[in-house]
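J.: My questions all concern the structure below.
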Amino acid sequence: MRSPILDYLDTIIAETEHVVSGESADYIPELAAADPDRVAVALCTVNGTVYASGDTGHRFSIQSMSKPFAYALAIEDRGLESVLHHIGVEPSGEAFNELSLDPETGQPRNPMINAGAIAAHSLIDDDRQSAVDRLLALFSQLADRPVEIDEAVAASELATGDRNLGLAYLLHSSGRLTREPRSAVEGYIRQCAASVDVRDLALMAATLANGGVQPNTGDRLFSRAGTRHLLSVMASCGMYDAAGDWLTAVGIPAKSGVAGGIIGVLPGQVGVAVFSPRLDPHGNSARGVAMMQRLSDDLGLHLMEANRPSRSSLRETRTASVDGQEATIYVLQGDMVLSSIESLVHELITNPPKTELVVFDMSRVAEVLPVARRTSAETATKLCDEGHRIILVDPESTVPDFQDSRGRSIERWTRERLEQSQR
Ligand code: GLN
């Protein structure tokens with residue numbers, strides 16, 4: 001059976017065919033030569049399943065969509081505080097290649113515009129490998145295949161890179177560039193010339209949606225906190241001077257590239273990527289924006305959509321005989337966040353367990369946030385104080401050292417033990 005998701009992606013392509021406004025980027029001669037009618041879309045879930053339609057095998061240069069990943073690598077290398085010293089996180093409201101720094105701090109305003117991206121590139125450092133080699137290795141890990149540089153694009157941009165050189169000298173003069181300007185720009189331009197297709201980009205975006213873990217290999221490429229920081233910056237600055245319109249209308253952290261690609265990330269759910277070379281006046285793919293808008297509307301991707309994951313966190317409550325003793329079993333699922341732990345506590349208060357023995361089956365829980373850990377420790381204390389005996393089934397060790405807030409450790413069972421006890 002062909003997936004209806006693939007049929008849907010075909011429809012998106014067919015129904016945006018009329019969007020032919022805009023021009024391919026011409027300040028990089030090699031990009032001006034691209035076929036403007038190429039089009040592709042891909043979607044990758046946090047489980048690593050990729051759906052793609054259109055010219056899916058067509059490769060193009062990553063351009064500014066490399067910026068988020070280079071910034072994230074700089075944060076992994078240097079730590080957030082040090083990176084924030086060099087690069088701000090405020091939307092600039094200006095074009096991507098604006099010749100300006102913050103007049104008060106001398107910083108580039110954010111890492112998604114060229115000034116900030118050149119600074120971020122120069123913060124990636126390692127004695128053994130160049131920043132470009134490290135970035136290529138990172139892109140390859142993200143896409144789960146070897147990614148290479150399109151040398152023709154790199155040479156073409158290097159030959160016309162005066163504006164980026166100007167920016168680098170400006171950065172250097174304000175003490176915000178840790179490398180010699182010319183070599184920083186050369187490295188940055190090579191970073192932008194990495195050659196990818198929409199599948200690669202969807203996987204890269206899905207890694208960000210998955211909190212920094214590549215969904216297919218399971219490799220952690222960015223820390224959870226670093227990923228969250230990056231996505232916030234993409235949400236506010238990723239679409240340059242169109243960022244406000246984008247966030248309200250499409251509503252997902254995104255980044256465009258001047259070759260015609262756009263990636264979008266819905267945290268916890270999917271990464272999406274679109275490609276079409278004609279650009280709107282902001283330098284974002286015109287048909288790409290139209291396709292992203294459709295994806296967001298049709299698939300309910302808007303970040304501010306009031307989804308209610310808490311509804312399903314308590315999968316079921318049942319009573320059963322456990323080792324011959326009557327017990328109340330709470331089966332939990334999904335991520336334990338504020339709303340889900342609140343709904344569990346609310347249930348325990350409005351319908352207190354009538355049995356002495358209480359079992360929390362967490363074998364379907366993926367992650368427990370600190371707020372949920374604290375609240376559940378306090379809840380466990382109250383239940384113990386009321387004379388209940390608590391058993392925790394947590395095979396994935398989502399709460400490895402769980403104890404109540406008085407320091408009493410809670411009995412732990414395996415899933416098998418729970419199953420056997422009910423026979
Ligand atoms: N390499 C391009 C530049 O620096 C990237 C710009 C973009 O994709 N918006 O001009």
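Naming works like this for the structure tokens: A, B, ... for the chains as they're shown, residue 1 at the start of each chain, ligands 1 onward in shown order.
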Find the residues of chain A that sit at most 8 Å from ligand 1; for each, write down the nearest two atoms and how far apart they are in Å, to one decimal. Count only C-alpha atoms and all ligand atoms. Sort by chain, then by number going up, and give it as CSV.
T.:
residue,atom,partner,partner_atom_place_in_ligand_line,distance
A:Ile28,CA,ligand 1,10 (O),7.9
A:Ile62,CA,ligand 1,8 (O),7.5
A:Gln63,CA,ligand 1,8 (O),4.2
A:Ser64,CA,ligand 1,8 (O),3.6
A:Met65,CA,ligand 1,8 (O),6.7
A:Phe96,CA,ligand 1,9 (N),5.8
A:Asn97,CA,ligand 1,10 (O),6.4
A:Ile113,CA,ligand 1,9 (N),7.6
A:Asn114,CA,ligand 1,4 (O),5.7
A:Glu157,CA,ligand 1,1 (N),7.1
A:Gly161,CA,ligand 1,10 (O),7.7
A:Asn164,CA,ligand 1,4 (O),6.3
A:Tyr188,CA,ligand 1,1 (N),7.5
A:Ile189,CA,ligand 1,1 (N),5.5
A:Cys192,CA,ligand 1,1 (N),5.1
A:Ala193,CA,ligand 1,1 (N),7.3
A:Ser256,CA,ligand 1,8 (O),6.5
A:Gly257,CA,ligand 1,8 (O),3.6
A:Val258,CA,ligand 1,8 (O),3.6
A:Ala259,CA,ligand 1,8 (O),6.5
A:Gly283,CA,ligand 1,9 (N),6.3
A:Asn284,CA,ligand 1,9 (N),7.6
J.: Restrict the selected residues to all heavy atoms and save them as a compact mmCIF listing (two decimals), in the first residue's frame.
T.:
# COMPACT_ATOMS: atom_id res chain seq x y z
N ILE A 28 25.19 34.82 -6.85
CA ILE A 28 26.13 33.70 -6.96
C ILE A 28 25.88 33.09 -8.35
O ILE A 28 24.84 32.47 -8.56
CB ILE A 28 25.90 32.65 -5.86
CG1 ILE A 28 26.04 33.29 -4.47
CG2 ILE A 28 26.86 31.48 -6.02
CD1 ILE A 28 25.70 32.38 -3.30
N ILE A 62 23.32 23.79 0.36
CA ILE A 62 22.58 23.98 1.61
C ILE A 62 22.44 25.47 1.96
O ILE A 62 21.47 25.89 2.54
CB ILE A 62 23.26 23.17 2.74
CG1 ILE A 62 22.40 23.14 4.01
CG2 ILE A 62 24.65 23.71 3.07
CD1 ILE A 62 22.89 22.13 5.06
N GLN A 63 23.45 26.25 1.58
CA GLN A 63 23.49 27.70 1.86
C GLN A 63 23.14 28.01 3.32
O GLN A 63 23.66 27.37 4.20
CB GLN A 63 22.60 28.45 0.85
CG GLN A 63 23.09 28.30 -0.59
CD GLN A 63 24.47 28.89 -0.82
OE1 GLN A 63 24.97 29.68 -0.04
NE2 GLN A 63 25.14 28.49 -1.90
N SER A 64 22.23 28.94 3.53
CA SER A 64 22.00 29.41 4.91
C SER A 64 21.35 28.37 5.81
O SER A 64 21.29 28.57 7.02
CB SER A 64 21.14 30.66 4.90
OG SER A 64 21.93 31.75 4.50
N MET A 65 20.84 27.27 5.23
CA MET A 65 20.29 26.22 6.10
C MET A 65 21.41 25.52 6.87
O MET A 65 21.15 24.73 7.78
CB MET A 65 19.50 25.20 5.29
CG MET A 65 18.24 25.79 4.70
SD MET A 65 17.38 24.59 3.68
CE MET A 65 18.50 24.44 2.30
N PHE A 96 19.39 39.30 5.04
CA PHE A 96 20.36 38.32 5.55
C PHE A 96 21.81 38.79 5.43
O PHE A 96 22.66 38.39 6.21
CB PHE A 96 20.18 36.96 4.85
CG PHE A 96 20.53 36.95 3.38
CD1 PHE A 96 21.81 36.63 2.96
CD2 PHE A 96 19.57 37.24 2.42
CE1 PHE A 96 22.15 36.60 1.62
CE2 PHE A 96 19.89 37.21 1.07
CZ PHE A 96 21.18 36.91 0.67
N ASN A 97 22.06 39.68 4.42
CA ASN A 97 23.46 40.07 4.22
C ASN A 97 23.70 41.53 4.58
O ASN A 97 24.61 42.17 4.06
CB ASN A 97 23.86 39.79 2.77
CG ASN A 97 22.94 40.51 1.79
OD1 ASN A 97 22.02 41.22 2.19
ND2 ASN A 97 23.18 40.32 0.51
N ILE A 113 21.74 35.49 10.37
CA ILE A 113 22.16 36.41 9.31
C ILE A 113 23.65 36.16 9.05
O ILE A 113 24.34 35.56 9.88
CB ILE A 113 21.91 37.89 9.69
CG1 ILE A 113 22.54 38.21 11.06
CG2 ILE A 113 20.42 38.19 9.71
CD1 ILE A 113 22.48 39.68 11.44
N ASN A 114 24.13 36.62 7.89
CA ASN A 114 25.49 36.28 7.50
C ASN A 114 26.54 36.70 8.53
O ASN A 114 27.47 35.93 8.83
CB ASN A 114 25.83 36.89 6.15
CG ASN A 114 25.11 36.18 5.03
OD1 ASN A 114 24.20 35.37 5.28
ND2 ASN A 114 25.49 36.46 3.79
N GLU A 157 30.88 31.41 -5.49
CA GLU A 157 30.58 32.39 -4.43
C GLU A 157 31.86 33.07 -3.93
O GLU A 157 31.83 34.26 -3.60
CB GLU A 157 29.83 31.73 -3.27
CG GLU A 157 29.36 32.81 -2.31
CD GLU A 157 28.44 32.33 -1.19
OE1 GLU A 157 28.05 31.15 -1.19
OE2 GLU A 157 28.14 33.16 -0.33
N GLY A 161 32.43 37.13 -3.41
CA GLY A 161 32.11 37.20 -1.98
C GLY A 161 32.48 38.50 -1.28
O GLY A 161 32.69 38.49 -0.05
N ASN A 164 30.42 39.49 1.93
CA ASN A 164 30.72 38.70 3.13
C ASN A 164 32.11 39.05 3.68
O ASN A 164 32.30 39.07 4.91
CB ASN A 164 30.62 37.20 2.82
CG ASN A 164 29.16 36.74 2.78
OD1 ASN A 164 28.33 37.27 3.51
ND2 ASN A 164 28.87 35.78 1.92
N TYR A 188 33.32 29.73 5.69
CA TYR A 188 31.86 29.91 5.73
C TYR A 188 31.23 29.62 4.36
O TYR A 188 30.19 28.95 4.26
CB TYR A 188 31.54 31.33 6.22
CG TYR A 188 30.16 31.79 5.87
CD1 TYR A 188 29.05 31.30 6.57
CD2 TYR A 188 29.93 32.68 4.81
CE1 TYR A 188 27.76 31.70 6.23
CE2 TYR A 188 28.66 33.08 4.46
CZ TYR A 188 27.58 32.59 5.16
OH TYR A 188 26.31 32.98 4.81
N ILE A 189 31.89 30.09 3.31
CA ILE A 189 31.35 29.87 1.96
C ILE A 189 31.38 28.39 1.60
O ILE A 189 30.45 27.86 0.99
CB ILE A 189 32.11 30.75 0.92
CG1 ILE A 189 31.62 32.20 1.08
CG2 ILE A 189 31.90 30.24 -0.50
CD1 ILE A 189 32.31 33.20 0.18
N CYS A 192 28.52 26.69 3.24
CA CYS A 192 27.26 26.95 2.53
C CYS A 192 27.14 26.14 1.24
O CYS A 192 26.04 25.99 0.70
CB CYS A 192 27.15 28.43 2.18
SG CYS A 192 26.88 29.49 3.61
N ALA A 193 28.27 25.63 0.72
CA ALA A 193 28.24 24.92 -0.57
C ALA A 193 28.07 23.41 -0.40
O ALA A 193 28.14 22.68 -1.38
CB ALA A 193 29.52 25.24 -1.35
N SER A 256 15.81 29.25 5.86
CA SER A 256 15.83 29.17 4.39
C SER A 256 17.25 29.27 3.89
O SER A 256 18.14 29.72 4.61
CB SER A 256 15.01 30.32 3.83
OG SER A 256 15.63 31.54 4.21
N GLY A 257 17.46 28.86 2.65
CA GLY A 257 18.76 29.00 2.00
C GLY A 257 18.53 29.63 0.64
O GLY A 257 17.48 29.43 0.02
N VAL A 258 19.53 30.35 0.15
CA VAL A 258 19.35 31.15 -1.05
C VAL A 258 19.35 30.27 -2.33
O VAL A 258 18.98 30.74 -3.40
CB VAL A 258 20.42 32.27 -1.04
CG1 VAL A 258 21.77 31.76 -1.52
CG2 VAL A 258 19.98 33.49 -1.78
N ALA A 259 19.69 28.99 -2.21
CA ALA A 259 19.56 28.09 -3.36
C ALA A 259 18.11 27.65 -3.55
O ALA A 259 17.77 27.03 -4.55
CB ALA A 259 20.46 26.87 -3.20
N GLY A 283 14.43 36.85 0.07
CA GLY A 283 15.48 35.85 -0.17
C GLY A 283 15.05 34.46 0.25
O GLY A 283 15.87 33.56 0.40
N ASN A 284 13.73 34.25 0.47
CA ASN A 284 13.21 32.93 0.82
C ASN A 284 12.50 32.35 -0.40
O ASN A 284 11.87 33.10 -1.16
CB ASN A 284 12.20 33.04 1.97
CG ASN A 284 12.82 33.66 3.23
OD1 ASN A 284 13.96 33.39 3.56
ND2 ASN A 284 12.04 34.49 3.92
J.: What's the 12 Å shell around Ala184 in chain A, counting only C-alpha atoms, without same-chain residues fewer than 4 positions away, as a VMD selection string?
T.: chain A and resid 114 to 125 130 to 132 158 161 164 to 169 171 to 172 176 to 180 188 to 191
J.: Which residue gives the smallest distance to Ser376 in chain A among A:Thr56, A:Ser405, A:Gln141, A:Thr350, with only C-alpha atoms counted?
T.: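 Closest to Ser376 in chain A of all the choices is A:Ser405.
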J.: Residues at most 7 Å from Thr319 in chain A, counting only C-alpha atoms, excluding those fewer than 3 positions away in the same chain, as a PyMOL selection string?
T.: chain A and resi 326-329
J.: Give me the residues near Glu316 in chain A as JSON, numbers by chain, where near means some atom within 9 Å (using only C-alpha atoms) and where sequence neighbours in that chain fewer than 4 positions away do not count.
T.: {"A": [329, 330, 331, 332]}
J.: Ranking A:Asp102, A:Asp298, A:Asp385, A:Glu356 by minimum distance to Ile5 in chain A and counting only C-alpha atoms, which one comes first?
T.: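 The shortest atom-to-atom distance to Ile5 in chain A comes from A:Asp298.
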J.: If you count only C-alpha atoms, which residues fall within 6 Å of range 29-44 of chain A, apart from same-chain ones fewer than 3 positions away, as a ChimeraX atom specification?
T.: /A:24-26,48-56,153,156,198-199,202-203,206,270-277
J.: Could you pull out the residues in range 91-279 of chain A that DSSP calls strand (DSSP E or B) from the backbone, as JSON, numbers by chain?
T.: {"A": [149, 194, 195, 196, 213, 220, 254, 255, 256, 261, 262, 263, 264, 265, 266, 270, 271, 272, 273, 274, 275, 279]}
J.: Report, in Å with one decimal, the straight-line distance from CA of Thr375 in chain A to CA of Trp413 in chain A.
T.: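 Here the two named atoms are 21.1 Å from each other.
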J.: I'd like the contact shell of Ser195 in chain A - 10 Å cut-off, only C-alpha atoms, skipping same-chain residues fewer than 4 positions apart - returned as a compact mmCIF listing (two decimals) with N, CA, C and O atoms, in the first residue's frame.
T.:
# COMPACT_ATOMS: atom_id res chain seq x y z
N HIS A 58 17.37 15.33 -6.46
CA HIS A 58 18.11 16.51 -6.94
C HIS A 58 18.87 17.16 -5.79
O HIS A 58 18.31 17.47 -4.75
N ARG A 59 20.16 17.37 -6.04
CA ARG A 59 20.98 18.00 -4.99
C ARG A 59 21.20 19.48 -5.28
O ARG A 59 21.31 19.88 -6.43
N PHE A 60 21.29 20.25 -4.24
CA PHE A 60 21.50 21.70 -4.35
C PHE A 60 22.31 22.12 -3.13
O PHE A 60 22.45 21.34 -2.16
N SER A 61 22.82 23.35 -3.14
CA SER A 61 23.68 23.73 -2.01
C SER A 61 22.83 24.14 -0.80
O SER A 61 21.77 24.76 -0.93
N ILE A 62 23.32 23.79 0.36
CA ILE A 62 22.58 23.98 1.61
C ILE A 62 22.44 25.47 1.96
O ILE A 62 21.47 25.89 2.54
N GLN A 63 23.45 26.25 1.58
CA GLN A 63 23.49 27.70 1.86
C GLN A 63 23.14 28.01 3.32
O GLN A 63 23.66 27.37 4.20
N LEU A 136 31.35 19.12 7.60
CA LEU A 136 30.97 18.08 6.63
C LEU A 136 30.71 16.76 7.35
O LEU A 136 29.77 16.03 7.02
N PHE A 139 27.29 17.18 8.96
CA PHE A 139 26.20 17.07 7.99
C PHE A 139 26.00 15.60 7.60
O PHE A 139 24.88 15.13 7.42
N VAL A 147 28.15 13.57 2.97
CA VAL A 147 27.80 14.84 2.31
C VAL A 147 29.09 15.51 1.84
O VAL A 147 30.08 15.53 2.56
N GLU A 148 29.07 16.02 0.59
CA GLU A 148 30.26 16.66 0.02
C GLU A 148 29.98 18.09 -0.41
O GLU A 148 28.82 18.49 -0.52
N ILE A 149 31.08 18.79 -0.69
CA ILE A 149 30.94 20.19 -1.12
C ILE A 149 30.76 20.24 -2.63
O ILE A 149 31.41 19.50 -3.37
N ASP A 150 29.86 21.09 -3.11
CA ASP A 150 29.74 21.37 -4.54
C ASP A 150 30.81 22.43 -4.84
O ASP A 150 30.61 23.62 -4.57
N GLU A 151 31.92 21.96 -5.41
CA GLU A 151 33.07 22.86 -5.58
C GLU A 151 32.76 24.01 -6.54
O GLU A 151 33.29 25.10 -6.40
N VAL A 153 29.91 25.59 -6.89
CA VAL A 153 29.18 26.63 -6.15
C VAL A 153 30.13 27.39 -5.23
O VAL A 153 30.11 28.63 -5.15
N GLN A 191 31.18 25.96 3.78
CA GLN A 191 30.09 25.40 4.61
C GLN A 191 28.76 25.52 3.85
O GLN A 191 27.96 24.58 3.83
N ASP A 200 17.89 14.53 2.82
CA ASP A 200 18.95 14.86 3.78
C ASP A 200 18.46 15.94 4.74
O ASP A 200 18.62 15.83 5.96
J.: Extract the full set of alpha helix (DSSP H) residues from range 42-165 of chain A according to DSSP on the backbone, and format it as a PyMOL selection string.
T.: chain A and resi 67-78+80-86+114-123+131-143+151-159+162-165
J.: Using only C-alpha atoms, pick whichever of A:Thr227, A:Ser313, A:Ser66, A:Ser82 has the shortest atom-to-atom distance to Asp361 in chain A.
T.: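 Selected residue with least distance to Asp361 in chain A: A:Ser313.
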J.: Smallest atom-to-atom distance to Glu416 in chain A: which of A:Gly264, A:Gly211, A:Pro281, A:Pro395, using only C-alpha atoms?
T.: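 Comparing A:Gly264, A:Gly211, A:Pro281, A:Pro395 against Glu416 in chain A, the winner is A:Pro395.
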J.: Which one is closest to Ser232 in chain A: A:Met112, A:Ala155, A:Ala290, A:Val368? Count only C-alpha atoms.
T.: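 Selected residue with least distance to Ser232 in chain A: A:Met112.
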J.: Check the smallest atom-to-atom distance from each of A:Ile263, A:Gly212, A:Asp133, A:Thr160 to Gly288 in chain A using only C-alpha atoms, then report the winner.
T.: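 Among A:Ile263, A:Gly212, A:Asp133, A:Thr160, it is A:Ile263 that comes nearest to Gly288 in chain A.
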J.: I'd like the contact shell of range 252-254 of chain A - 8 Å cut-off, only C-alpha atoms, skipping same-chain residues fewer than 2 positions apart - returned as a ChimeraX atom specification.
T.: /A:231-236,238-239,246-247,250,256,262-266,301-303
